[in-house]
$ cat data11.txt   # compact mmCIF, C-alpha atoms
# COMPACT_ATOMS: atom_id res chain seq x y z
CA MET A 748 21.52 20.01 -12.43
CA ALA A 749 19.37 17.49 -14.27
CA SER A 750 16.47 16.29 -12.15
CA ALA A 751 17.25 12.67 -12.96
CA GLN A 752 20.72 12.91 -11.40
CA VAL A 753 21.03 10.73 -8.34
CA THR A 754 22.08 12.66 -5.27
CA PRO A 755 23.75 10.68 -2.47
CA GLY A 756 21.06 9.49 -0.08
CA THR A 757 18.27 9.43 -2.61
CA HIS A 758 18.07 5.66 -2.58
CA PHE A 759 16.12 4.03 0.18
CA THR A 760 15.59 0.47 1.25
CA LEU A 761 12.41 -1.45 2.01
CA TYR A 762 13.11 -4.93 3.38
CA ASP A 763 16.48 -5.18 1.65
CA THR A 764 15.09 -3.94 -1.65
CA GLU A 765 16.79 -0.77 -2.83
CA LEU A 766 14.51 1.70 -4.54
CA ARG A 767 14.98 5.05 -6.19
CA SER A 768 11.41 6.20 -6.65
CA ARG A 769 9.84 7.47 -3.45
CA LEU A 770 6.41 7.47 -5.06
CA LEU A 771 4.48 4.25 -4.53
CA LEU A 772 1.28 4.07 -6.56
CA GLY A 773 -2.05 2.35 -6.00
CA THR A 774 -3.69 0.73 -9.02
CA ALA A 775 -7.39 1.28 -8.25
CA ARG A 776 -9.98 3.71 -9.65
CA TYR A 777 -8.23 4.65 -12.90
CA PRO A 778 -10.51 5.52 -15.80
CA SER A 779 -8.97 2.75 -17.91
CA PRO A 780 -6.15 0.18 -17.78
CA GLN A 781 -4.19 2.23 -20.33
CA VAL A 782 -4.31 5.30 -18.10
CA LEU A 783 -2.93 3.18 -15.26
CA VAL A 784 -0.12 1.93 -17.50
CA ASP A 785 0.73 5.47 -18.63
CA ALA A 786 0.64 6.81 -15.06
CA VAL A 787 2.97 4.11 -13.71
CA GLN A 788 5.41 4.46 -16.57
CA GLY A 789 5.25 8.26 -16.80
CA ALA A 790 6.04 8.66 -13.10
CA ARG A 791 8.73 5.93 -13.15
CA VAL A 792 7.09 4.17 -10.25
CA GLU A 793 8.87 1.09 -8.88
CA VAL A 794 6.24 -0.25 -6.45
CA VAL A 795 2.49 -0.60 -7.05
CA THR A 796 -0.15 -1.87 -4.67
CA VAL A 797 -2.61 -4.59 -5.64
CA SER A 798 -5.33 -6.61 -3.95
CA LEU A 799 -7.35 -9.80 -4.19
CA ARG A 800 -11.06 -9.96 -4.92
CA ARG A 801 -13.60 -12.60 -5.83
CA GLU A 802 -13.58 -13.62 -9.45
CA ALA A 803 -16.34 -15.61 -11.14
CA SER A 804 -15.10 -18.33 -13.46
CA GLY A 805 -16.69 -16.67 -16.49
CA GLU A 806 -14.99 -13.37 -15.82
CA ARG A 807 -11.35 -12.76 -16.50
CA ALA A 808 -11.03 -9.23 -15.18
CA GLY A 809 -8.50 -10.27 -12.57
CA GLN A 810 -6.47 -12.26 -15.06
CA GLY A 811 -6.39 -9.32 -17.46
CA PHE A 812 -5.34 -6.95 -14.70
CA TRP A 813 -2.59 -9.31 -13.56
CA SER A 814 -1.16 -9.59 -17.05
CA ILE A 815 -0.95 -5.78 -17.21
CA ILE A 816 0.86 -5.59 -13.87
CA ARG A 817 3.26 -8.37 -14.84
CA GLY A 818 4.13 -6.32 -17.91
CA PHE A 819 5.64 -3.64 -15.69
CA ALA A 820 9.12 -3.90 -14.26
CA VAL A 821 7.73 -3.07 -10.83
CA ARG A 822 7.44 -4.73 -7.47
CA VAL A 823 3.93 -5.45 -6.28
CA LEU A 824 2.79 -4.76 -2.75
CA PRO A 825 -0.43 -6.71 -2.13
CA ASN A 826 -2.80 -5.30 0.47
CA THR A 827 -5.34 -6.73 2.87
CA ALA A 828 -7.78 -3.88 2.18
CA GLY A 829 -11.26 -4.38 3.52
CA CYS A 830 -10.23 -6.81 6.25
CA HIS A 831 -11.76 -6.04 9.63
CA SER A 832 -10.31 -8.88 11.67
CA VAL A 833 -6.92 -10.42 12.33
CA LYS A 834 -8.10 -13.74 10.91
CA GLU A 835 -9.31 -12.19 7.65
CA ALA A 836 -6.11 -10.20 7.23
CA VAL A 837 -3.84 -13.17 7.92
CA THR A 838 -5.75 -15.45 5.55
CA THR A 839 -5.76 -12.77 2.85
CA ALA A 840 -2.00 -12.33 3.29
CA HIS A 841 -1.46 -16.06 2.74
CA MET A 842 -3.59 -15.99 -0.40
CA ALA A 843 -1.74 -12.91 -1.67
CA ARG A 844 1.66 -14.48 -1.06
CA GLU A 845 0.74 -17.41 -3.26
CA VAL A 846 -0.87 -15.42 -6.08
CA PHE A 847 1.64 -12.57 -6.24
CA ALA A 848 4.71 -14.64 -5.31
CA THR A 849 5.96 -12.08 -2.81
CA SER A 850 6.30 -12.02 0.95
CA TRP A 851 5.57 -8.28 0.98
CA ILE A 852 2.17 -7.50 2.44
CA LYS A 853 0.54 -4.15 3.12
CA LEU A 854 -1.32 -5.00 6.26
CA GLU A 855 -4.63 -3.22 6.74
CA VAL A 856 -6.98 -4.13 9.55
CA ILE A 857 -9.76 -1.59 9.41
CA GLY A 858 -11.34 -0.53 12.68
CA GLU A 859 -13.81 2.17 11.79
CA GLU A 860 -16.06 2.49 8.76
CA ASP A 861 -16.38 6.26 8.39
CA THR A 862 -12.68 7.05 8.63
CA LEU A 863 -11.27 3.66 7.58
CA GLN A 864 -9.01 4.18 10.56
CA PRO A 865 -6.79 1.17 11.28
CA ASP A 866 -7.67 -1.12 14.16
CA VAL A 867 -4.23 -0.71 15.67
CA PHE A 868 -4.74 -3.51 18.20
CA GLY A 869 -5.67 -5.95 15.46
CA THR A 870 -2.91 -4.64 13.24
CA VAL A 871 -0.26 -5.33 15.89
CA GLU A 872 -1.63 -8.82 16.48
CA ALA A 873 -1.78 -9.64 12.76
CA ALA A 874 1.70 -8.20 12.25
CA ARG A 875 3.08 -10.47 14.95
CA VAL A 876 1.54 -13.53 13.27
CA LEU A 877 2.62 -12.58 9.77
CA CYS A 878 6.18 -11.58 10.71
CA SER A 879 6.62 -14.92 12.50
CA GLU A 880 5.48 -16.63 9.30
CA GLY A 881 8.11 -14.93 7.20
CA PHE A 882 6.07 -12.09 5.73
CA GLN A 883 7.63 -8.69 5.23
CA VAL A 884 4.90 -6.55 6.67
CA PHE A 885 4.06 -2.95 5.72
CA PRO A 886 1.51 -2.04 8.38
CA TYR A 887 -1.02 0.72 7.74
CA THR A 888 -1.09 2.55 11.06
CA THR A 889 -1.57 5.93 12.67
CA GLU A 890 1.10 8.32 13.98
CA ASP A 891 0.77 6.80 17.48
CA LEU A 892 4.25 6.25 18.89
CA VAL A 893 3.28 3.37 21.16
CA VAL A 894 1.62 1.48 18.34
CA ALA A 895 4.66 2.11 16.16
CA GLU A 896 6.91 0.66 18.85
CA ARG A 897 4.69 -2.44 19.15
CA LEU A 898 4.69 -2.94 15.40
CA LEU A 899 8.47 -2.76 15.29
CA HIS A 900 8.67 -5.16 18.21
CA ALA A 901 6.35 -7.51 16.31
CA GLY A 902 8.95 -7.64 13.54
CA CYS A 903 7.89 -4.88 11.12
CA ARG A 904 10.82 -3.05 9.52
CA VAL A 905 8.71 -0.48 7.68
CA LEU A 906 5.77 1.58 8.94
CA MET A 907 3.01 3.21 6.91
CA PRO A 908 1.35 5.93 8.95
CA TRP A 909 -1.70 7.70 7.55
CA GLY A 910 -1.66 11.36 6.63
CA ALA A 911 -5.45 11.59 6.73
CA PRO A 912 -8.34 9.13 6.20
CA ILE A 913 -8.00 6.98 3.06
CA GLY A 914 -9.27 8.77 -0.02
CA SER A 915 -9.95 12.04 1.81
CA GLY A 916 -7.23 14.08 0.10
CA ARG A 917 -6.74 16.20 3.20
CA GLY A 918 -2.99 15.91 3.46
CA LEU A 919 -1.03 15.60 6.69
CA ASN A 920 -3.64 16.07 9.39
CA ASN A 921 -1.38 15.85 12.41
CA LEU A 922 1.91 17.49 11.57
CA PHE A 923 3.08 17.48 15.15
CA GLY A 924 2.36 13.78 15.61
CA LEU A 925 3.94 12.79 12.32
CA THR A 926 7.03 14.89 13.04
CA ALA A 927 7.32 13.20 16.43
CA LEU A 928 7.03 9.78 14.79
CA ARG A 929 9.81 10.65 12.34
CA GLY A 930 11.96 11.93 15.18
CA HIS A 931 11.42 8.85 17.36
CA PHE A 932 12.30 6.32 14.71
CA PRO A 933 15.01 7.93 12.60
CA GLU A 934 16.24 4.65 11.12
CA VAL A 935 12.89 3.08 10.23
CA PRO A 936 11.57 3.58 6.70
CA LEU A 937 8.32 5.52 7.07
CA ILE A 938 5.85 5.82 4.20
CA ILE A 939 2.84 8.13 4.36
CA ASP A 940 0.08 5.86 3.21
CA ALA A 941 -3.25 7.64 3.07
CA GLY A 942 -4.98 10.96 2.71
CA ILE A 943 -2.61 12.81 0.41
CA GLY A 944 -4.56 14.95 -2.05
CA VAL A 945 -2.11 17.10 -4.00
CA PRO A 946 1.61 17.03 -4.78
CA SER A 947 2.37 19.75 -2.20
CA HIS A 948 1.19 17.34 0.53
CA ALA A 949 3.64 14.75 -0.79
CA ALA A 950 6.47 17.29 -0.93
CA GLN A 951 5.70 18.26 2.65
CA ALA A 952 5.89 14.62 3.76
CA LEU A 953 9.33 14.24 2.19
CA GLU A 954 10.49 17.59 3.63
CA LEU A 955 9.52 16.28 7.08
CA GLY A 956 11.82 13.33 6.46
CA PHE A 957 9.36 10.62 5.50
CA ASP A 958 10.98 8.19 3.12
CA ALA A 959 8.17 7.86 0.60
CA VAL A 960 4.47 8.30 -0.04
CA LEU A 961 1.83 5.93 -1.35
CA ILE A 962 -0.76 7.64 -3.53
CA ASN A 963 -3.83 6.22 -5.22
CA THR A 964 -7.01 8.29 -5.32
CA ALA A 965 -5.21 11.62 -5.78
CA VAL A 966 -3.73 10.35 -9.02
CA ALA A 967 -6.47 8.03 -10.26
CA GLU A 968 -9.26 10.57 -9.79
CA ALA A 969 -7.39 13.59 -11.12
CA ARG A 970 -8.77 14.98 -14.37
CA ASP A 971 -5.53 13.86 -16.01
CA PRO A 972 -4.08 11.00 -13.94
CA VAL A 973 -0.96 10.64 -16.06
CA GLN A 974 -0.02 14.29 -15.65
CA MET A 975 -0.84 14.13 -11.95
CA ALA A 976 1.36 11.06 -11.46
CA ARG A 977 4.25 12.97 -13.00
CA ALA A 978 3.50 15.96 -10.77
CA PHE A 979 3.65 13.70 -7.70
CA ALA A 980 6.95 12.23 -8.89
CA GLN A 981 8.40 15.73 -9.18
CA ALA A 982 6.99 16.71 -5.78
CA VAL A 983 8.56 13.79 -3.92
CA GLU A 984 11.86 14.47 -5.65
CA ALA A 985 11.69 18.15 -4.63
CA GLY A 986 10.66 17.26 -1.08
CA ARG A 987 13.51 14.80 -0.69
CA ALA A 988 16.05 17.23 -2.13
CA ALA A 989 14.80 19.88 0.31
CA ARG A 990 15.13 17.47 3.21
CA LEU A 991 18.72 16.72 2.23
CA ALA A 992 19.45 20.41 1.76
CA GLY A 993 18.32 21.19 5.32
CA PRO A 994 15.39 23.64 5.54
CA MET A 995 15.80 26.82 7.57
CA GLU A 996 14.17 27.13 10.96
CA PRO A 997 10.96 29.20 11.02
CA ARG A 998 11.16 32.44 13.01
CA ASP A 999 8.50 34.48 14.73
CA LEU A 1000 9.81 37.90 13.60
CA ALA A 1001 10.91 39.27 10.26
CA VAL A 1002 14.61 39.25 9.46
CA PRO A 1003 15.68 41.32 6.47
CA SER A 1004 17.22 39.21 3.77
CA THR A 1005 19.01 42.19 2.19
CA PRO A 1006 22.04 43.29 4.25
CA VAL A 1007 21.39 46.38 6.37
CA VAL A 1008 25.06 47.37 6.61
CA GLY A 1009 25.97 49.90 3.91
CA LYS A 1010 22.42 51.03 3.32
CA ALA A 1011 22.26 54.70 2.25
CA PHE A 1012 20.84 57.20 4.73
CA LEU A 1013 18.12 58.90 2.73
CA ALA A 1014 15.54 59.69 5.40
CA ARG A 1015 15.07 63.32 6.36
CA MET B 718 -23.67 -31.68 -3.16
CA ARG B 719 -24.20 -27.99 -2.71
CA ILE B 720 -21.39 -25.64 -1.82
CA ARG B 721 -21.12 -21.87 -1.77
CA VAL B 722 -18.67 -20.39 -4.24
CA ASN B 723 -17.89 -16.72 -3.69
CA GLY B 724 -21.17 -16.38 -1.85
CA ALA B 725 -23.41 -18.14 -4.41
CA TRP B 726 -24.75 -21.66 -3.98
CA ARG B 727 -23.55 -24.11 -6.63
CA GLU B 728 -24.34 -27.75 -7.24
CA THR B 729 -21.28 -29.88 -7.89
CA SER B 730 -20.45 -33.52 -8.37
CA ALA B 731 -16.76 -32.97 -7.79
CA VAL B 732 -15.26 -33.95 -4.47
CA THR B 733 -11.90 -32.26 -4.26
CA LEU B 734 -11.14 -28.55 -4.46
CA GLY B 735 -8.98 -29.12 -7.52
CA SER B 736 -11.75 -30.86 -9.42
CA VAL B 737 -14.35 -28.30 -8.35
CA LEU B 738 -12.20 -25.51 -9.78
CA GLN B 739 -11.88 -27.41 -13.05
CA GLU B 740 -15.62 -28.06 -13.13
CA LEU B 741 -16.37 -24.39 -12.50
CA GLY B 742 -14.11 -23.39 -15.39
CA TYR B 743 -11.26 -21.69 -13.57
CA GLY B 744 -8.81 -23.78 -15.58
CA GLU B 745 -5.34 -22.28 -15.41
CA ALA B 746 -6.53 -18.95 -13.97
CA VAL B 747 -4.28 -17.35 -11.36
CA VAL B 748 -6.42 -17.58 -8.26
CA ALA B 749 -6.03 -18.23 -4.56
CA THR B 750 -8.48 -20.35 -2.63
CA ALA B 751 -9.89 -20.60 0.86
CA VAL B 752 -12.40 -23.08 2.26
CA ASN B 753 -14.46 -22.06 5.28
CA GLY B 754 -12.09 -19.18 5.90
CA GLU B 755 -8.92 -21.28 5.78
CA PHE B 756 -6.36 -20.74 3.04
CA VAL B 757 -5.82 -23.80 0.86
CA PRO B 758 -2.47 -23.61 -0.99
CA ILE B 759 -2.38 -24.57 -4.64
CA GLY B 760 -0.46 -27.75 -3.87
CA SER B 761 -3.16 -28.95 -1.50
CA ARG B 762 -6.10 -28.43 -3.84
CA PRO B 763 -6.04 -31.94 -5.39
CA SER B 764 -6.26 -33.57 -1.98
CA ALA B 765 -8.59 -31.07 -0.28
CA THR B 766 -12.01 -32.72 -0.09
CA LEU B 767 -15.14 -30.63 0.12
CA THR B 768 -18.33 -31.47 1.93
CA GLU B 769 -21.92 -30.27 1.71
CA GLY B 770 -22.29 -26.62 2.70
CA ASP B 771 -18.63 -25.73 2.46
CA GLN B 772 -17.86 -22.12 1.66
CA LEU B 773 -15.28 -21.68 -1.07
CA GLU B 774 -13.61 -18.38 -1.85
CA VAL B 775 -11.82 -17.98 -5.18
CA LEU B 776 -9.85 -14.75 -5.35
CA ALA B 777 -7.94 -13.20 -8.23
CA PRO B 778 -5.54 -10.26 -8.59
CA MET B 779 -7.40 -6.98 -8.57
CA GLN B 780 -6.71 -3.26 -8.48
CA GLY B 781 -5.87 -1.98 -5.02
CA GLY B 782 -4.59 1.02 -3.13
$ encode --input "data11.txt" --output "structure tokens"
Amino acid sequence: MASAQVTPGTHFTLYDTELRSRLLLGTARYPSPQVLVDAVQGARVEVVTVSLRREASGERAGQGFWSIIRGFAVRVLPNTAGCHSVKEAVTTAHMAREVFATSWIKLEVIGEEDTLQPDVFGTVEAARVLCSEGFQVFPYTTEDLVVAERLLHAGCRVLMPWGAPIGSGRGLNNLFGLTALRGHFPEVPLIIDAGIGVPSHAAQALELGFDAVLINTAVAEARDPVQMARAFAQAVEAGRAARLAGPMEPRDLAVPSTPVVGKAFLAR
Amino acid sequence: MRIRVNGAWRETSAVTLGSVLQELGYGEAVVATAVNGEFVPIGSRPSATLTEGDQLEVLAPMQGG
């Protein structure tokens, strides 16, 4: 079967937008703009994350970057990265909505500097404000079930739990917690947002039933980001196919895979 | 008057946010603006008046994760 063939159930929906690619890609830290372009196109990514930063009038770095992104046939998901308060995040979201002409916002309210762990209290509060203002909020959160419930109650229709601290590359730190989150909210699109280091982590996330992964550092800082982006695309496809195929249950004892019945008696 | 633009003090003779952006050379650049922490939409820039000591943020699209 060709890998590009669409299996039933391979599409997924984020705020009424139907997507095929379950690999969302960050745009930061690439060695050059061309490498970013090649990575996005090579992996057939449909959603990329972007941000807003200060730009001096003499510089045009931001304008150049924006013209590259507009050249892609992709949706942009602006973030509120670096915001530590509800006020900052809400204001940044308003600025992003105007610049990027989208109501999608990846809401990050950072609560701790060493781990870049989300301030879940601030995130819930900001989500409530932004959802009431018509934003379609993608909150960066933990695997905490209570926080997830509050975010959904605030109006979020997608959740983005971390796998591990942003940029750490450590994979899915709390498998039990993430599995519980998936089990509790079977109908909510869940995207693993942070901490994935290698394609096998991404495959594992999809095998567990997560709908997609968002990768940045693991691709951008690979020795060959374009090749790594393709590897991630293949991994999420494999992980999703495995999820649909229904993995076997692990067992504690060995079970022979070769039939025992009919085996010759050769012992003496 | 003196205002802070992206953290740096600047002297300006312009009064409105729209004219300050022109004076600073942003021209047609795709940017979003905030004054003293409050978002100012593009349509409000011509009428948004600035006063001494105001803090202006001018943000542009940038790489992000």
$ residues_around --input "data11.txt" --residues "B:Gly724" --least-positions-apart "5" --cutoff "9 Å" --atoms "only C-alpha atoms" --output "mmCIF file with C-alpha atoms, keeping the file's coordinate frame"
data_model
loop_
_atom_site.group_PDB
_atom_site.id
_atom_site.type_symbol
_atom_site.label_atom_id
_atom_site.label_comp_id
_atom_site.auth_asym_id
_atom_site.auth_seq_id
_atom_site.Cartn_x
_atom_site.Cartn_y
_atom_site.Cartn_z
ATOM 1 C CA GLN B 772 -17.860 -22.120 1.660
ATOM 2 C CA LEU B 773 -15.280 -21.680 -1.070
ATOM 3 C CA GLU B 774 -13.610 -18.380 -1.850
#
$ interface_residues --input "data11.txt" --of "chain A" --to "chain B" --cutoff "6 Å" --atoms "all atoms listed in the file" --output "list of chain:residue names"
A:Gly773, A:Thr774, A:Ala775, A:Thr796, A:Val797, A:Ser798, A:Leu799, A:Arg800, A:Arg801, A:Glu802, A:Ser804, A:Gly809, A:Trp813, A:Thr838, A:Met842, A:Asn963
$ residues_around --input "data11.txt" --residues "stretch 982-999 of chain A" --least-positions-apart "4" --cutoff "9 Å" --atoms "all atoms listed in the file" --output "ChimeraX atom specification"
/A:750,754,756-757,768-770,946-960,977-978
$ atom_distance --input "data11.txt" --atom1 "atom CA of A:Ile816" --atom2 "atom CA of A:Arg776"
14.9 Å
$ residues_around --input "data11.txt" --residues "stretch 903-910 of chain A" --least-positions-apart "4" --cutoff "6 Å" --atoms "all atoms listed in the file" --output "VMD selection string"
chain A and resid 884 to 890 898 to 899 918 to 920 936 to 942
$ decode --input "data11.txt" --residues "stretch 739-750 of chain B" --atoms "all heavy atoms" --output "mmCIF file, in the first residue's frame"
data_model
loop_
_atom_site.group_PDB
_atom_site.id
_atom_site.type_symbol
_atom_site.label_atom_id
_atom_site.label_comp_id
_atom_site.auth_asym_id
_atom_site.auth_seq_id
_atom_site.Cartn_x
_atom_site.Cartn_y
_atom_site.Cartn_z
ATOM 1 N N GLN B 739 5.043 56.432 10.742
ATOM 2 C CA GLN B 739 5.569 56.952 9.476
ATOM 3 C C GLN B 739 6.920 57.610 9.708
ATOM 4 O O GLN B 739 7.875 57.387 8.960
ATOM 5 C CB GLN B 739 4.582 57.967 8.870
ATOM 6 C CG GLN B 739 3.339 57.331 8.262
ATOM 7 C CD GLN B 739 3.648 56.375 7.105
ATOM 8 O OE1 GLN B 739 4.581 56.584 6.358
ATOM 9 N NE2 GLN B 739 2.871 55.305 6.996
ATOM 10 N N GLU B 740 6.987 58.437 10.748
ATOM 11 C CA GLU B 740 8.226 59.162 11.045
ATOM 12 C C GLU B 740 9.379 58.202 11.329
ATOM 13 O O GLU B 740 10.527 58.453 10.957
ATOM 14 C CB GLU B 740 7.989 60.076 12.257
ATOM 15 C CG GLU B 740 9.142 61.002 12.565
ATOM 16 C CD GLU B 740 8.878 61.785 13.837
ATOM 17 O OE1 GLU B 740 8.114 62.762 13.776
ATOM 18 O OE2 GLU B 740 9.421 61.409 14.892
ATOM 19 N N LEU B 741 9.067 57.105 12.001
ATOM 20 C CA LEU B 741 10.108 56.139 12.357
ATOM 21 C C LEU B 741 10.485 55.234 11.185
ATOM 22 O O LEU B 741 11.413 54.440 11.283
ATOM 23 C CB LEU B 741 9.641 55.271 13.526
ATOM 24 C CG LEU B 741 9.468 55.990 14.874
ATOM 25 C CD1 LEU B 741 8.849 55.054 15.900
ATOM 26 C CD2 LEU B 741 10.809 56.518 15.370
ATOM 27 N N GLY B 742 9.748 55.327 10.087
ATOM 28 C CA GLY B 742 10.122 54.585 8.887
ATOM 29 C C GLY B 742 9.508 53.217 8.752
ATOM 30 O O GLY B 742 9.986 52.393 7.972
ATOM 31 N N TYR B 743 8.450 52.948 9.504
ATOM 32 C CA TYR B 743 7.819 51.626 9.370
ATOM 33 C C TYR B 743 7.023 51.517 8.075
ATOM 34 O O TYR B 743 6.801 50.420 7.578
ATOM 35 C CB TYR B 743 6.929 51.311 10.588
ATOM 36 C CG TYR B 743 7.732 50.906 11.802
ATOM 37 C CD1 TYR B 743 8.022 51.836 12.801
ATOM 38 C CD2 TYR B 743 8.235 49.624 11.933
ATOM 39 C CE1 TYR B 743 8.783 51.469 13.911
ATOM 40 C CE2 TYR B 743 8.990 49.249 13.022
ATOM 41 C CZ TYR B 743 9.268 50.176 14.017
ATOM 42 O OH TYR B 743 10.022 49.823 15.091
ATOM 43 N N GLY B 744 6.603 52.660 7.543
ATOM 44 C CA GLY B 744 5.929 52.656 6.243
ATOM 45 C C GLY B 744 4.799 51.655 6.169
ATOM 46 O O GLY B 744 3.906 51.650 7.000
ATOM 47 N N GLU B 745 4.874 50.770 5.183
ATOM 48 C CA GLU B 745 3.815 49.786 4.964
ATOM 49 C C GLU B 745 4.131 48.444 5.636
ATOM 50 O O GLU B 745 3.501 47.432 5.334
ATOM 51 C CB GLU B 745 3.604 49.573 3.461
ATOM 52 C CG GLU B 745 3.205 50.824 2.699
ATOM 53 C CD GLU B 745 1.959 51.485 3.284
ATOM 54 O OE1 GLU B 745 0.957 50.780 3.479
ATOM 55 O OE2 GLU B 745 2.015 52.704 3.547
ATOM 56 N N ALA B 746 5.120 48.432 6.523
ATOM 57 C CA ALA B 746 5.519 47.171 7.152
ATOM 58 C C ALA B 746 4.345 46.540 7.898
ATOM 59 O O ALA B 746 3.493 47.234 8.450
ATOM 60 C CB ALA B 746 6.666 47.409 8.125
ATOM 61 N N VAL B 747 4.312 45.205 7.871
ATOM 62 C CA VAL B 747 3.275 44.465 8.596
ATOM 63 C C VAL B 747 3.696 44.388 10.060
ATOM 64 O O VAL B 747 4.578 43.621 10.433
ATOM 65 C CB VAL B 747 3.112 43.045 8.015
ATOM 66 C CG1 VAL B 747 2.088 42.255 8.828
ATOM 67 C CG2 VAL B 747 2.702 43.115 6.562
ATOM 68 N N VAL B 748 3.080 45.232 10.859
ATOM 69 C CA VAL B 748 3.407 45.254 12.290
ATOM 70 C C VAL B 748 2.117 45.393 13.095
ATOM 71 O O VAL B 748 1.082 45.823 12.575
ATOM 72 C CB VAL B 748 4.352 46.433 12.653
ATOM 73 C CG1 VAL B 748 5.727 46.231 12.036
ATOM 74 C CG2 VAL B 748 3.757 47.777 12.248
ATOM 75 N N ALA B 749 2.216 45.006 14.357
ATOM 76 C CA ALA B 749 1.125 45.246 15.301
ATOM 77 C C ALA B 749 1.654 46.177 16.379
ATOM 78 O O ALA B 749 2.851 46.166 16.686
ATOM 79 C CB ALA B 749 0.650 43.940 15.914
ATOM 80 N N THR B 750 0.759 46.977 16.945
ATOM 81 C CA THR B 750 1.218 47.990 17.888
ATOM 82 C C THR B 750 0.469 47.911 19.214
ATOM 83 O O THR B 750 -0.711 47.551 19.272
ATOM 84 C CB THR B 750 1.008 49.406 17.298
ATOM 85 O OG1 THR B 750 -0.352 49.519 16.844
ATOM 86 C CG2 THR B 750 1.945 49.662 16.139
#
